[in-house]
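Engineer: Structure file run18.csv (CSV, C-alpha atoms) right here:
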chain,number,residue,atom,x,y,z
A,1,MET,CA,0.0,0.0,0.0
A,2,ALA,CA,2.6,2.5,1.0
A,3,GLU,CA,4.9,1.3,-1.8
A,4,GLU,CA,2.3,2.4,-4.4
A,5,LYS,CA,2.5,-1.0,-6.1
A,6,ASP,CA,-0.1,-3.7,-6.7
A,7,LEU,CA,0.4,-7.4,-5.9
A,8,VAL,CA,-1.3,-9.9,-8.1
A,9,ALA,CA,-1.5,-13.6,-7.2
A,10,ILE,CA,-1.7,-15.8,-10.3
A,11,ALA,CA,-1.9,-19.5,-11.1
A,12,PHE,CA,-1.0,-21.3,-14.4
A,13,LYS,CA,-0.9,-24.8,-15.7
A,14,ALA,CA,1.7,-27.1,-14.3
A,15,ASP,CA,3.1,-27.7,-17.8
A,16,LYS,CA,4.6,-24.2,-17.7
A,17,SER,CA,7.6,-23.4,-15.5
A,18,ARG,CA,8.3,-20.5,-13.2
A,19,GLU,CA,11.1,-19.5,-15.5
A,20,PHE,CA,8.6,-19.3,-18.3
A,21,LEU,CA,6.6,-16.7,-16.4
A,22,VAL,CA,9.6,-14.8,-15.3
A,23,ASN,CA,10.8,-14.5,-18.9
A,24,LYS,CA,7.3,-13.5,-20.2
A,25,LEU,CA,7.1,-10.7,-17.6
A,26,ALA,CA,10.6,-9.5,-17.8
A,27,GLY,CA,10.6,-5.7,-17.6
A,28,LEU,CA,6.9,-5.7,-16.7
A,29,ALA,CA,6.8,-7.2,-13.2
A,30,GLU,CA,8.9,-8.7,-10.5
A,31,VAL,CA,7.9,-12.3,-9.9
A,32,ASN,CA,8.0,-13.6,-6.4
A,33,ASP,CA,6.9,-17.0,-5.0
A,34,PHE,CA,3.5,-17.1,-3.2
A,35,PRO,CA,3.8,-20.3,-1.2
A,36,VAL,CA,0.2,-21.6,-1.4
A,37,PRO,CA,0.1,-25.1,0.3
A,38,ALA,CA,-1.9,-26.5,-2.6
A,39,ASP,CA,-1.2,-30.1,-1.8
A,40,ALA,CA,-2.4,-29.8,1.8
A,41,LEU,CA,-5.6,-27.8,1.5
A,42,ARG,CA,-8.8,-29.8,1.8
A,43,VAL,CA,-10.7,-29.4,-1.4
A,44,GLY,CA,-14.0,-31.1,-0.9
A,45,THR,CA,-16.5,-31.5,-3.7
A,46,LEU,CA,-16.6,-29.4,-7.0
A,47,ASP,CA,-19.9,-28.0,-5.9
A,48,SER,CA,-18.5,-26.8,-2.6
A,49,LEU,CA,-15.6,-25.2,-4.4
A,50,MET,CA,-17.9,-23.4,-6.8
A,51,SER,CA,-20.1,-22.2,-3.9
A,52,LEU,CA,-17.0,-21.0,-2.0
A,53,SER,CA,-15.7,-19.2,-5.1
A,54,ASP,CA,-18.7,-16.9,-5.0
A,55,ASP,CA,-18.3,-16.2,-1.3
A,56,ILE,CA,-14.6,-15.8,-1.0
A,57,SER,CA,-14.4,-12.8,-3.3
A,58,LYS,CA,-16.6,-11.0,-0.8
A,59,MET,CA,-14.4,-12.2,2.1
A,60,ASP,CA,-11.4,-11.0,0.2
A,61,ALA,CA,-13.0,-7.6,-0.4
A,62,LEU,CA,-13.8,-7.3,3.4
A,63,ALA,CA,-10.2,-8.3,4.3
A,64,GLU,CA,-8.7,-5.7,1.9
A,65,GLY,CA,-11.1,-3.0,3.1
A,66,THR,CA,-10.3,-3.7,6.8
A,67,CYS,CA,-6.6,-3.7,6.2
A,68,PHE,CA,-6.8,-0.4,4.3
A,69,LYS,CA,-8.8,1.2,7.2
A,70,LEU,CA,-6.3,0.0,9.8
A,71,PHE,CA,-3.4,1.2,7.6
A,72,ARG,CA,-5.0,4.6,7.0
A,73,GLN,CA,-6.0,5.0,10.6
A,74,HIS,CA,-2.4,4.3,11.7
A,75,GLU,CA,-1.0,6.8,9.2
A,76,ASP,CA,-3.5,9.5,10.4
A,77,LEU,CA,-2.6,9.0,14.0
A,78,LYS,CA,1.2,8.7,13.5
A,79,GLY,CA,1.6,11.6,11.1
A,80,GLY,CA,2.0,9.7,7.9
A,81,ILE,CA,4.1,6.8,9.3
A,82,ALA,CA,3.1,3.5,7.7
A,83,PRO,CA,2.7,0.4,9.9
A,84,SER,CA,5.0,-2.5,9.4
A,85,VAL,CA,4.6,-6.3,9.8
A,86,MET,CA,6.9,-7.6,12.4
A,87,GLY,CA,9.3,-4.8,11.8
A,88,THR,CA,9.3,-5.4,8.0
A,89,ASP,CA,7.7,-3.1,5.4
A,90,VAL,CA,4.5,-4.5,3.8
A,91,MET,CA,5.9,-5.2,0.3
A,92,THR,CA,8.9,-7.1,1.6
A,93,TYR,CA,6.7,-9.2,4.0
A,94,ALA,CA,4.2,-10.0,1.3
A,95,THR,CA,6.7,-11.0,-1.4
A,96,LYS,CA,9.6,-12.4,0.7
A,97,GLN,CA,8.5,-13.5,4.1
A,98,TRP,CA,4.9,-14.6,4.2
A,99,ASP,CA,4.2,-18.3,4.6
A,100,TRP,CA,1.1,-20.3,5.7
A,101,ASP,CA,0.8,-20.4,9.5
A,102,GLU,CA,-0.2,-23.9,10.2
A,103,ALA,CA,-0.4,-23.2,13.9
A,104,MET,CA,-3.1,-20.6,13.4
A,105,PHE,CA,-4.9,-22.0,10.4
A,106,GLN,CA,-4.7,-25.8,10.3
A,107,LEU,CA,-4.7,-27.2,6.8
A,108,LYS,CA,-6.7,-30.2,7.8
A,109,THR,CA,-9.7,-27.8,8.4
A,110,PRO,CA,-12.3,-28.0,5.6
A,111,LEU,CA,-11.7,-25.1,3.1
A,112,ARG,CA,-15.0,-23.3,3.7
A,113,GLU,CA,-14.7,-23.5,7.4
A,114,LEU,CA,-11.1,-22.2,7.2
A,115,ALA,CA,-12.1,-19.3,5.0
A,116,GLU,CA,-15.1,-18.4,7.1
A,117,MET,CA,-13.0,-18.5,10.3
A,118,ILE,CA,-10.4,-16.2,8.8
A,119,SER,CA,-13.1,-13.8,7.5
A,120,GLY,CA,-14.8,-13.8,10.9
A,121,LYS,CA,-11.6,-12.8,12.6
A,122,ILE,CA,-11.1,-10.0,10.1
A,123,GLY,CA,-14.7,-8.8,10.5
A,124,GLY,CA,-14.1,-8.7,14.3
A,125,LEU,CA,-11.1,-6.4,13.8
A,126,GLU,CA,-13.2,-4.1,11.6
A,127,GLU,CA,-16.0,-3.9,14.3
A,128,GLU,CA,-13.5,-3.3,17.0
A,129,LEU,CA,-11.8,-0.5,15.0
A,130,LYS,CA,-15.2,1.2,14.4
A,131,ALA,CA,-15.9,1.1,18.2
A,132,LYS,CA,-12.5,2.5,19.1
A,133,VAL,CA,-12.6,5.2,16.4
A,134,ALA,CA,-16.1,6.3,17.5
A,135,GLU,CA,-15.0,6.6,21.1
A,136,LEU,CA,-12.0,8.7,20.1
A,137,ASN,CA,-14.1,10.9,17.8
A,138,ALA,CA,-16.6,11.5,20.6
A,139,LEU,CA,-13.7,12.9,22.7
A,140,LYS,CA,-12.5,15.0,19.8
A,141,GLY,CA,-16.0,16.3,19.3
A,142,SER,CA,-16.2,17.3,23.0
A,143,LEU,CA,-12.8,19.2,22.7
A,144,GLN,CA,-13.9,20.9,19.5
A,145,ALA,CA,-17.1,22.1,21.2
A,146,PHE,CA,-14.8,23.7,23.9
A,147,GLU,CA,-12.7,25.3,21.1
A,148,ARG,CA,-15.8,26.6,19.3
A,149,ARG,CA,-16.8,28.5,22.4
A,150,GLY,CA,-13.7,30.7,22.0
A,151,GLN,CA,-14.0,31.2,18.3
A,152,GLY,CA,-15.9,33.8,16.3
A,153,ASN,CA,-16.6,37.4,17.1
A,154,LEU,CA,-18.3,38.8,20.3
A,155,MET,CA,-21.7,38.3,18.8
A,156,VAL,CA,-21.4,34.5,18.7
A,157,ARG,CA,-18.4,33.3,20.9
A,158,GLY,CA,-18.7,32.2,24.4
A,159,LEU,CA,-18.2,34.8,27.1
A,160,GLY,CA,-17.1,32.5,30.0
A,161,ASP,CA,-13.4,33.1,29.4
A,162,ILE,CA,-13.9,36.9,28.9
A,163,VAL,CA,-16.2,38.1,31.7
A,164,GLN,CA,-14.7,38.0,35.2
A,165,GLU,CA,-16.5,37.8,38.5
A,166,ASP,CA,-15.8,41.5,39.3
A,167,ASP,CA,-17.4,42.5,36.0
A,168,ILE,CA,-20.8,41.3,37.3
A,169,LEU,CA,-23.2,42.6,39.9
A,170,ASP,CA,-26.0,40.2,40.7
A,171,SER,CA,-28.2,40.9,43.8
A,172,GLU,CA,-31.8,40.6,44.7
A,173,TYR,CA,-32.7,43.8,42.9
A,174,MET,CA,-29.9,44.5,40.5
A,175,THR,CA,-28.0,42.8,37.7
A,176,THR,CA,-25.4,43.4,35.1
A,177,VAL,CA,-26.4,42.9,31.4
A,178,MET,CA,-23.9,42.1,28.6
A,179,VAL,CA,-24.4,44.2,25.5
A,180,VAL,CA,-22.5,43.8,22.2
A,181,ILE,CA,-22.1,47.0,20.2
A,182,GLN,CA,-20.7,47.6,16.8
A,183,LYS,CA,-17.6,49.9,17.1
A,184,SER,CA,-19.3,52.4,14.7
A,185,SER,CA,-22.2,52.6,17.2
A,186,MET,CA,-20.2,52.9,20.4
A,187,LYS,CA,-20.5,56.7,20.7
A,188,GLU,CA,-24.3,56.5,20.2
A,189,PHE,CA,-24.5,53.7,22.8
A,190,LEU,CA,-22.6,55.6,25.5
A,191,LEU,CA,-24.8,58.6,25.0
A,192,GLU,CA,-28.1,56.7,25.1
A,193,TYR,CA,-27.7,53.6,27.3
A,194,GLU,CA,-28.8,55.3,30.5
A,195,ARG,CA,-32.1,56.2,28.8
A,196,LEU,CA,-32.8,52.7,27.5
A,197,ALA,CA,-34.8,51.9,30.7
A,198,ASP,CA,-36.1,53.6,33.7
A,199,TYR,CA,-33.6,52.4,36.2
A,200,VAL,CA,-30.2,52.1,34.6
A,201,VAL,CA,-27.3,52.9,36.9
A,202,PRO,CA,-25.6,56.0,35.6
A,203,LEU,CA,-22.1,55.7,34.4
A,204,SER,CA,-22.2,51.9,34.9
A,205,ALA,CA,-21.3,51.0,31.3
A,206,LYS,CA,-18.0,49.2,31.3
A,207,ALA,CA,-16.1,48.0,28.2
A,208,ILE,CA,-15.1,44.5,29.0
A,209,SER,CA,-13.6,43.2,25.7
A,210,GLU,CA,-13.4,44.1,22.0
A,211,ASP,CA,-12.5,42.5,18.7
A,212,SER,CA,-12.1,43.9,15.2
A,213,GLU,CA,-15.9,44.6,14.8
A,214,TYR,CA,-17.5,44.8,18.2
A,215,VAL,CA,-17.2,45.9,21.8
A,216,LEU,CA,-18.7,44.1,24.8
A,217,PHE,CA,-20.1,46.3,27.5
A,218,GLY,CA,-21.5,45.5,30.9
A,219,VAL,CA,-24.4,47.7,32.0
A,220,THR,CA,-25.8,47.6,35.6
A,221,LEU,CA,-29.6,48.2,36.1
A,222,PHE,CA,-32.5,47.2,38.3
A,223,LYS,CA,-34.0,43.8,37.5
A,224,LYS,CA,-37.5,45.2,37.3
A,225,CYS,CA,-36.6,47.1,34.1
A,226,LEU,CA,-34.6,44.4,32.5
A,227,ASP,CA,-37.3,43.6,29.9
A,228,GLN,CA,-37.6,47.3,29.0
A,229,PHE,CA,-33.9,47.6,28.6
A,230,LYS,CA,-33.8,44.5,26.2
A,231,THR,CA,-36.6,45.9,24.1
A,232,SER,CA,-34.9,49.3,23.8
A,233,CYS,CA,-31.7,47.6,22.8
A,234,ARG,CA,-33.4,45.6,20.1
A,235,GLU,CA,-34.9,48.8,18.7
A,236,LYS,CA,-31.5,50.4,18.6
A,237,ARG,CA,-29.9,47.3,17.2
A,238,PHE,CA,-27.7,46.8,20.3
A,239,THR,CA,-27.4,43.1,21.0
A,240,VAL,CA,-28.0,41.8,24.6
A,241,ARG,CA,-26.1,38.6,25.2
A,242,GLU,CA,-27.6,36.2,27.7
A,243,PHE,CA,-24.9,35.4,30.3
A,244,GLU,CA,-24.9,34.1,33.8
A,245,PHE,CA,-21.6,34.0,35.7
A,246,ASN,CA,-21.2,30.7,37.5
A,247,ALA,CA,-17.7,30.2,38.9
A,248,GLU,CA,-18.4,26.6,39.8
A,249,ALA,CA,-19.6,25.8,36.2
A,250,LEU,CA,-16.6,27.5,34.7
A,251,ALA,CA,-14.3,25.5,36.9
A,252,ALA,CA,-16.1,22.3,36.1
A,253,ASP,CA,-15.8,23.1,32.3
A,254,ASP,CA,-12.1,23.7,32.7
A,255,ALA,CA,-11.6,20.5,34.6
A,256,LYS,CA,-13.7,18.5,32.0
A,257,LYS,CA,-11.6,20.0,29.1
A,258,ALA,CA,-8.3,19.1,30.8
A,259,GLU,CA,-9.7,15.6,31.5
A,260,ASP,CA,-10.9,15.1,27.9
A,261,GLU,CA,-7.5,16.3,26.6
A,262,ALA,CA,-5.6,13.8,28.7
A,263,GLU,CA,-8.0,11.0,27.8
A,264,CYS,CA,-7.8,12.0,24.1
A,265,SER,CA,-4.0,11.8,24.2
A,266,ARG,CA,-4.2,8.4,26.0
A,267,GLN,CA,-6.7,6.9,23.5
A,268,THR,CA,-4.8,8.3,20.5
A,269,ALA,CA,-1.6,6.5,21.7
A,270,MET,CA,-3.5,3.3,22.5
A,271,LEU,CA,-5.4,3.3,19.2
A,272,SER,CA,-2.2,3.9,17.1
A,273,ASN,CA,-0.5,0.9,18.9
A,274,TRP,CA,-3.7,-1.2,18.4
A,275,CYS,CA,-3.7,-0.4,14.7
A,276,ALA,CA,-0.1,-1.3,14.3
A,277,ILE,CA,-0.5,-4.6,16.0
A,278,ASN,CA,-3.8,-5.5,14.3
A,279,TYR,CA,-2.8,-4.2,10.9
A,280,ALA,CA,0.0,-6.8,10.9
A,281,GLU,CA,-2.5,-9.5,12.1
A,282,GLY,CA,-5.1,-8.4,9.6
A,283,LEU,CA,-2.6,-8.4,6.7
A,284,THR,CA,-1.4,-11.8,7.6
A,285,MET,CA,-5.0,-13.2,7.6
A,286,MET,CA,-5.7,-11.4,4.3
A,287,MET,CA,-2.7,-13.2,2.7
A,288,HIS,CA,-4.1,-16.5,3.9
A,289,LEU,CA,-7.5,-15.7,2.3
A,290,LYS,CA,-5.8,-14.7,-0.9
A,291,ALA,CA,-3.9,-18.0,-0.9
A,292,ILE,CA,-7.2,-19.9,-0.6
A,293,ARG,CA,-8.8,-17.8,-3.3
A,294,VAL,CA,-6.1,-18.2,-5.9
A,295,PHE,CA,-6.1,-22.0,-5.0
A,296,ILE,CA,-9.9,-22.3,-5.6
A,297,GLU,CA,-9.8,-20.3,-8.8
A,298,SER,CA,-6.9,-22.2,-10.2
A,299,VAL,CA,-8.5,-25.6,-9.4
A,300,LEU,CA,-11.8,-24.4,-11.0
A,301,ARG,CA,-10.0,-23.1,-14.1
A,302,TYR,CA,-7.2,-25.6,-14.7
A,303,GLY,CA,-8.1,-28.5,-12.4
A,304,PHE,CA,-5.5,-30.0,-10.2
A,305,THR,CA,-2.8,-29.6,-12.8
A,306,SER,CA,-2.3,-25.9,-11.9
A,307,TYR,CA,0.5,-24.1,-10.2
A,308,PRO,CA,-0.9,-21.5,-7.9
A,309,GLY,CA,2.4,-20.2,-6.8
A,310,PRO,CA,4.0,-17.0,-8.0
A,311,GLY,CA,2.9,-13.5,-7.0
A,312,MET,CA,3.7,-10.5,-9.2
A,313,ALA,CA,4.7,-7.0,-8.2
A,314,PRO,CA,4.1,-5.0,-11.4
A,315,ASN,CA,6.5,-2.2,-12.1
A,316,ASN,CA,5.1,1.3,-11.8
Please lay out the structure from this file as C-alpha cells.
Structural biologist:
Amino acid sequence: MAEEKDLVAIAFKADKSREFLVNKLAGLAEVNDFPVPADALRVGTLDSLMSLSDDISKMDALAEGTCFKLFRQHEDLKGGIAPSVMGTDVMTYATKQWDWDEAMFQLKTPLRELAEMISGKIGGLEEELKAKVAELNALKGSLQAFERRGQGNLMVRGLGDIVQEDDILDSEYMTTVMVVIQKSSMKEFLLEYERLADYVVPLSAKAISEDSEYVLFGVTLFKKCLDQFKTSCREKRFTVREFEFNAEALAADDAKKAEDEAECSRQTAMLSNWCAINYAEGLTMMMHLKAIRVFIESVLRYGFTSYPGPGMAPNN
C-alpha cells in the first residue's frame, strides 16, 4: 500500500515453469513466490468449491477494506508513518517472508470452514476498529465544542473566558447585562444607554472586551426594568447577550476540558498501537484468504494440474 504497487497472485498450468513466467514478464513485473500449500488444502467437492468461489471474493474484499482502514488510521494517528509487519515493510513481508501459518490456520480444516474462520476474525477487527474510532471521535468532538466557544466574534463566541467575576453585579434587585455594540455605534450607545430603561445605573457601562468589529459592554440596572432595557436595545440594534456568571460551572468546564484532553491523548496513543498490531495481524490473515482464493480459482479453471504459486509485483 505505502509502496504504491499492486500485488497480483496468479496461477498457471503445471506444464509451464516458473522460469517461463519470469521471462514473459521481464521488464513488466517482478515475480516472487507465493507459497500456497496447494497439496495440503482440503478441497471437498466441486460444488462446494464453486459455492465458496462466489463467497470468497466478498471475504477478500472485506479483508482488503479492513486492512486499508487499519493502515490509513495508523497513518493518520502517527503523522503519515506507515505500519509494518513484524518490523518489515509491507511489500517485503508479502513478497519475501509470508508463509502459511499452520499453527493458526490448520490445513486439515475444511476449506469453507477455514475461509469463514479467517473472514470472521477480520470482521471482528473491523467492528472493534469502528468502536474505538467512534470513542476517540466523541472525545475529539467534545474538545472541538470547547474550542468553538472561544471562536468567532463577540456576537457568537462564548463569554465565559472573557467576563470575570468582578465585571458582574448580581443581587436581589440589581443585575449586570452584557451588551455587544458595533464599534461604529459605540458613541451612540454611550450617549443613550442610561435612557434605554427607567432604572439604569448612571455611568455603569464598562467596556469588558473588544474585537475587530464589536465591543462588549457590561451595564448595571434594576432587574424590574430588564425587559424594558432589552426591548430598547433591540430597537437600537444593540445586542444583549444572555450570560450568567457561574464560577463553579466554569471551573467544572475547565476540569472537563483538561480531563478530555488527557483522555484523548491516551486513547490516541492506544489506538495507534492497536492499529499497528492488528494491521499486521489483519494483513497476515488477508494473505491466507488470498492464498485460498487463488487456489480455488486455479482448481476451477485448470483442475488439479495448476501451479498457484507466483505472486507478481508489477513495475510502476
Engineer: Give me, as JSON lines, each residue of range 57-96 of chain A that comes within 12 Å of range 102-120 of chain A, together with its shortest interatomic pair and the distance in Å at one decimal, counting all atoms listed in the file, with rows ordered by chain and rising residue number.
Structural biologist:
{"residue": "A:Ser57", "atom": "CA", "partner": "A:Ala115", "partner_atom": "CA", "distance": 10.8}
{"residue": "A:Lys58", "atom": "CA", "partner": "A:Ser119", "partner_atom": "CA", "distance": 9.4}
{"residue": "A:Met59", "atom": "CA", "partner": "A:Ser119", "partner_atom": "CA", "distance": 5.8}
{"residue": "A:Asp60", "atom": "CA", "partner": "A:Ser119", "partner_atom": "CA", "distance": 8.0}
{"residue": "A:Ala61", "atom": "CA", "partner": "A:Ser119", "partner_atom": "CA", "distance": 10.0}
{"residue": "A:Leu62", "atom": "CA", "partner": "A:Ser119", "partner_atom": "CA", "distance": 7.7}
{"residue": "A:Ala63", "atom": "CA", "partner": "A:Ser119", "partner_atom": "CA", "distance": 7.0}
{"residue": "A:Glu64", "atom": "CA", "partner": "A:Ser119", "partner_atom": "CA", "distance": 10.8}
{"residue": "A:Gly65", "atom": "CA", "partner": "A:Ser119", "partner_atom": "CA", "distance": 11.8}
{"residue": "A:Thr66", "atom": "CA", "partner": "A:Ser119", "partner_atom": "CA", "distance": 10.5}
Engineer: Set the distance at 10 Å and use all atoms listed in the file: which residues neighbour Gln164 in chain A once local chain neighbours fewer than 3 positions away are removed? I'd like the list as number ranges by chain.
Structural biologist: A: 159-161, 167-168, 208, 245, 247
Engineer: Report, in Å with one decimal, the straight-line distance from CA of Arg195 in chain A to CA of Leu226 in chain A.
Structural biologist: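 Between these atoms lies a distance of 12.6 Å.
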Engineer: As an exercise, work out the distance from CA of Glu210 in chain A to CA of Val240 in chain A in Å and give it to one decimal place.
Structural biologist: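 Computed distance, CA of Glu210 in chain A to CA of Val240 in chain A, equals 15.0 Å.
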Engineer: For range 264-273 of chain A, find every residue with an atom within 9 Å (counting all atoms listed in the file), except residues of its own chain fewer than 5 positions away, and show them as a VMD selection string.
Structural biologist: chain A and resid 73 to 78 129 132 to 133 135 to 137 139 to 140 143 259 278
Engineer: Produce a file of the selected residues containing C-alpha atoms, as an mmCIF file, in the coordinates of the input.
Structural biologist:
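Saved file result-v5.cif follows:
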data_model
loop_
_atom_site.group_PDB
_atom_site.id
_atom_site.type_symbol
_atom_site.label_atom_id
_atom_site.label_comp_id
_atom_site.auth_asym_id
_atom_site.auth_seq_id
_atom_site.Cartn_x
_atom_site.Cartn_y
_atom_site.Cartn_z
ATOM 1 C CA GLN A 73 -6.000 5.000 10.600
ATOM 2 C CA HIS A 74 -2.400 4.300 11.700
ATOM 3 C CA GLU A 75 -1.000 6.800 9.200
ATOM 4 C CA ASP A 76 -3.500 9.500 10.400
ATOM 5 C CA LEU A 77 -2.600 9.000 14.000
ATOM 6 C CA LYS A 78 1.200 8.700 13.500
ATOM 7 C CA LEU A 129 -11.800 -0.500 15.000
ATOM 8 C CA LYS A 132 -12.500 2.500 19.100
ATOM 9 C CA VAL A 133 -12.600 5.200 16.400
ATOM 10 C CA GLU A 135 -15.000 6.600 21.100
ATOM 11 C CA LEU A 136 -12.000 8.700 20.100
ATOM 12 C CA ASN A 137 -14.100 10.900 17.800
ATOM 13 C CA LEU A 139 -13.700 12.900 22.700
ATOM 14 C CA LYS A 140 -12.500 15.000 19.800
ATOM 15 C CA LEU A 143 -12.800 19.200 22.700
ATOM 16 C CA GLU A 259 -9.700 15.600 31.500
ATOM 17 C CA ASN A 278 -3.800 -5.500 14.300
#
Engineer: Considering all atoms listed in the file, give me a table of residues in range 106-154 of chain A that are at most 12 Å from range 67-71 of chain A, with the closest atom pair and distance in Å for each, as CSV.
Structural biologist:
residue,atom,partner,partner_atom,distance
A:Ile122,CA,A:Cys67,CA,8.7
A:Gly123,CA,A:Cys67,CA,10.5
A:Leu125,CA,A:Leu70,CA,8.9
A:Glu126,CA,A:Lys69,CA,8.2
A:Glu127,CA,A:Lys69,CA,11.3
A:Glu128,CA,A:Leu70,CA,10.7
A:Leu129,CA,A:Leu70,CA,7.6
A:Lys130,CA,A:Lys69,CA,9.6
A:Lys132,CA,A:Leu70,CA,11.5
A:Val133,CA,A:Leu70,CA,10.5
Engineer: Name the closest residue to Ala280 in chain A among the candidates A:Ile56, A:Met186, A:Leu221, A:Val90; distances are taken between atoms, counting only C-alpha atoms.
Structural biologist: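 The answer is A:Val90, which sits nearest to Ala280 in chain A.
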Engineer: Taking only C-alpha atoms into account, which of A:Tyr302, A:Glu147, A:Asp253, A:Glu297 comes nearest Asp54 in chain A?
Structural biologist: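 The closest residue to Asp54 in chain A is A:Glu297.
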Engineer: Since fewer atoms than expected are present, regenerate N, CA and C atoms for range 283-305 of chain A and write them as a PDB file, keeping the file's coordinate frame.
Structural biologist:
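Generated file (out.pdb):
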ATOM      1  N   LEU A 283      -3.294  -8.147   7.940  1.00  0.00           N
ATOM      2  CA  LEU A 283      -2.600  -8.400   6.700  1.00  0.00           C
ATOM      3  C   LEU A 283      -2.235  -9.854   6.525  1.00  0.00           C
ATOM      4  N   THR A 284      -1.751 -10.431   7.614  1.00  0.00           N
ATOM      5  CA  THR A 284      -1.400 -11.800   7.600  1.00  0.00           C
ATOM      6  C   THR A 284      -2.609 -12.709   7.261  1.00  0.00           C
ATOM      7  N   MET A 285      -3.741 -12.410   7.902  1.00  0.00           N
ATOM      8  CA  MET A 285      -5.000 -13.200   7.600  1.00  0.00           C
ATOM      9  C   MET A 285      -5.441 -12.933   6.194  1.00  0.00           C
ATOM     10  N   MET A 286      -5.313 -11.705   5.700  1.00  0.00           N
ATOM     11  CA  MET A 286      -5.700 -11.400   4.300  1.00  0.00           C
ATOM     12  C   MET A 286      -4.883 -12.242   3.340  1.00  0.00           C
ATOM     13  N   MET A 287      -3.583 -12.379   3.594  1.00  0.00           N
ATOM     14  CA  MET A 287      -2.700 -13.200   2.700  1.00  0.00           C
ATOM     15  C   MET A 287      -3.173 -14.638   2.702  1.00  0.00           C
ATOM     16  N   HIS A 288      -3.625 -15.152   3.840  1.00  0.00           N
ATOM     17  CA  HIS A 288      -4.100 -16.500   3.900  1.00  0.00           C
ATOM     18  C   HIS A 288      -5.406 -16.646   3.034  1.00  0.00           C
ATOM     19  N   LEU A 289      -6.286 -15.649   3.144  1.00  0.00           N
ATOM     20  CA  LEU A 289      -7.500 -15.700   2.300  1.00  0.00           C
ATOM     21  C   LEU A 289      -7.178 -15.625   0.848  1.00  0.00           C
ATOM     22  N   LYS A 290      -6.218 -14.815   0.471  1.00  0.00           N
ATOM     23  CA  LYS A 290      -5.800 -14.700  -0.900  1.00  0.00           C
ATOM     24  C   LYS A 290      -5.227 -16.017  -1.426  1.00  0.00           C
ATOM     25  N   ALA A 291      -4.479 -16.689  -0.555  1.00  0.00           N
ATOM     26  CA  ALA A 291      -3.900 -18.000  -0.900  1.00  0.00           C
ATOM     27  C   ALA A 291      -5.055 -18.983  -1.203  1.00  0.00           C
ATOM     28  N   ILE A 292      -6.073 -18.974  -0.341  1.00  0.00           N
ATOM     29  CA  ILE A 292      -7.200 -19.900  -0.600  1.00  0.00           C
ATOM     30  C   ILE A 292      -7.948 -19.486  -1.843  1.00  0.00           C
ATOM     31  N   ARG A 293      -8.105 -18.193  -2.088  1.00  0.00           N
ATOM     32  CA  ARG A 293      -8.800 -17.800  -3.300  1.00  0.00           C
ATOM     33  C   ARG A 293      -8.132 -18.149  -4.557  1.00  0.00           C
ATOM     34  N   VAL A 294      -6.819 -17.895  -4.636  1.00  0.00           N
ATOM     35  CA  VAL A 294      -6.100 -18.200  -5.900  1.00  0.00           C
ATOM     36  C   VAL A 294      -6.066 -19.753  -6.055  1.00  0.00           C
ATOM     37  N   PHE A 295      -6.033 -20.495  -4.946  1.00  0.00           N
ATOM     38  CA  PHE A 295      -6.100 -22.000  -5.000  1.00  0.00           C
ATOM     39  C   PHE A 295      -7.406 -22.406  -5.619  1.00  0.00           C
ATOM     40  N   ILE A 296      -8.521 -21.888  -5.082  1.00  0.00           N
ATOM     41  CA  ILE A 296      -9.900 -22.300  -5.600  1.00  0.00           C
ATOM     42  C   ILE A 296     -10.020 -21.941  -7.034  1.00  0.00           C
ATOM     43  N   GLU A 297      -9.649 -20.716  -7.411  1.00  0.00           N
ATOM     44  CA  GLU A 297      -9.800 -20.300  -8.800  1.00  0.00           C
ATOM     45  C   GLU A 297      -8.944 -21.063  -9.747  1.00  0.00           C
ATOM     46  N   SER A 298      -7.758 -21.447  -9.290  1.00  0.00           N
ATOM     47  CA  SER A 298      -6.900 -22.200 -10.200  1.00  0.00           C
ATOM     48  C   SER A 298      -7.417 -23.629 -10.375  1.00  0.00           C
ATOM     49  N   VAL A 299      -7.966 -24.226  -9.310  1.00  0.00           N
ATOM     50  CA  VAL A 299      -8.500 -25.600  -9.400  1.00  0.00           C
ATOM     51  C   VAL A 299      -9.770 -25.531 -10.362  1.00  0.00           C
ATOM     52  N   LEU A 300     -10.624 -24.525 -10.192  1.00  0.00           N
ATOM     53  CA  LEU A 300     -11.800 -24.400 -11.000  1.00  0.00           C
ATOM     54  C   LEU A 300     -11.479 -24.149 -12.482  1.00  0.00           C
ATOM     55  N   ARG A 301     -10.390 -23.451 -12.730  1.00  0.00           N
ATOM     56  CA  ARG A 301     -10.000 -23.100 -14.100  1.00  0.00           C
ATOM     57  C   ARG A 301      -9.191 -24.180 -14.780  1.00  0.00           C
ATOM     58  N   TYR A 302      -8.201 -24.688 -14.046  1.00  0.00           N
ATOM     59  CA  TYR A 302      -7.200 -25.600 -14.700  1.00  0.00           C
ATOM     60  C   TYR A 302      -7.330 -27.037 -14.125  1.00  0.00           C
ATOM     61  N   GLY A 303      -8.141 -27.239 -13.096  1.00  0.00           N
ATOM     62  CA  GLY A 303      -8.100 -28.500 -12.400  1.00  0.00           C
ATOM     63  C   GLY A 303      -6.966 -28.640 -11.491  1.00  0.00           C
ATOM     64  N   PHE A 304      -6.602 -29.836 -11.152  1.00  0.00           N
ATOM     65  CA  PHE A 304      -5.500 -30.000 -10.200  1.00  0.00           C
ATOM     66  C   PHE A 304      -4.146 -29.985 -10.813  1.00  0.00           C
ATOM     67  N   THR A 305      -4.101 -29.684 -12.122  1.00  0.00           N
ATOM     68  CA  THR A 305      -2.800 -29.600 -12.800  1.00  0.00           C
ATOM     69  C   THR A 305      -2.376 -28.137 -12.936  1.00  0.00           C
TER      70      THR A 305
END
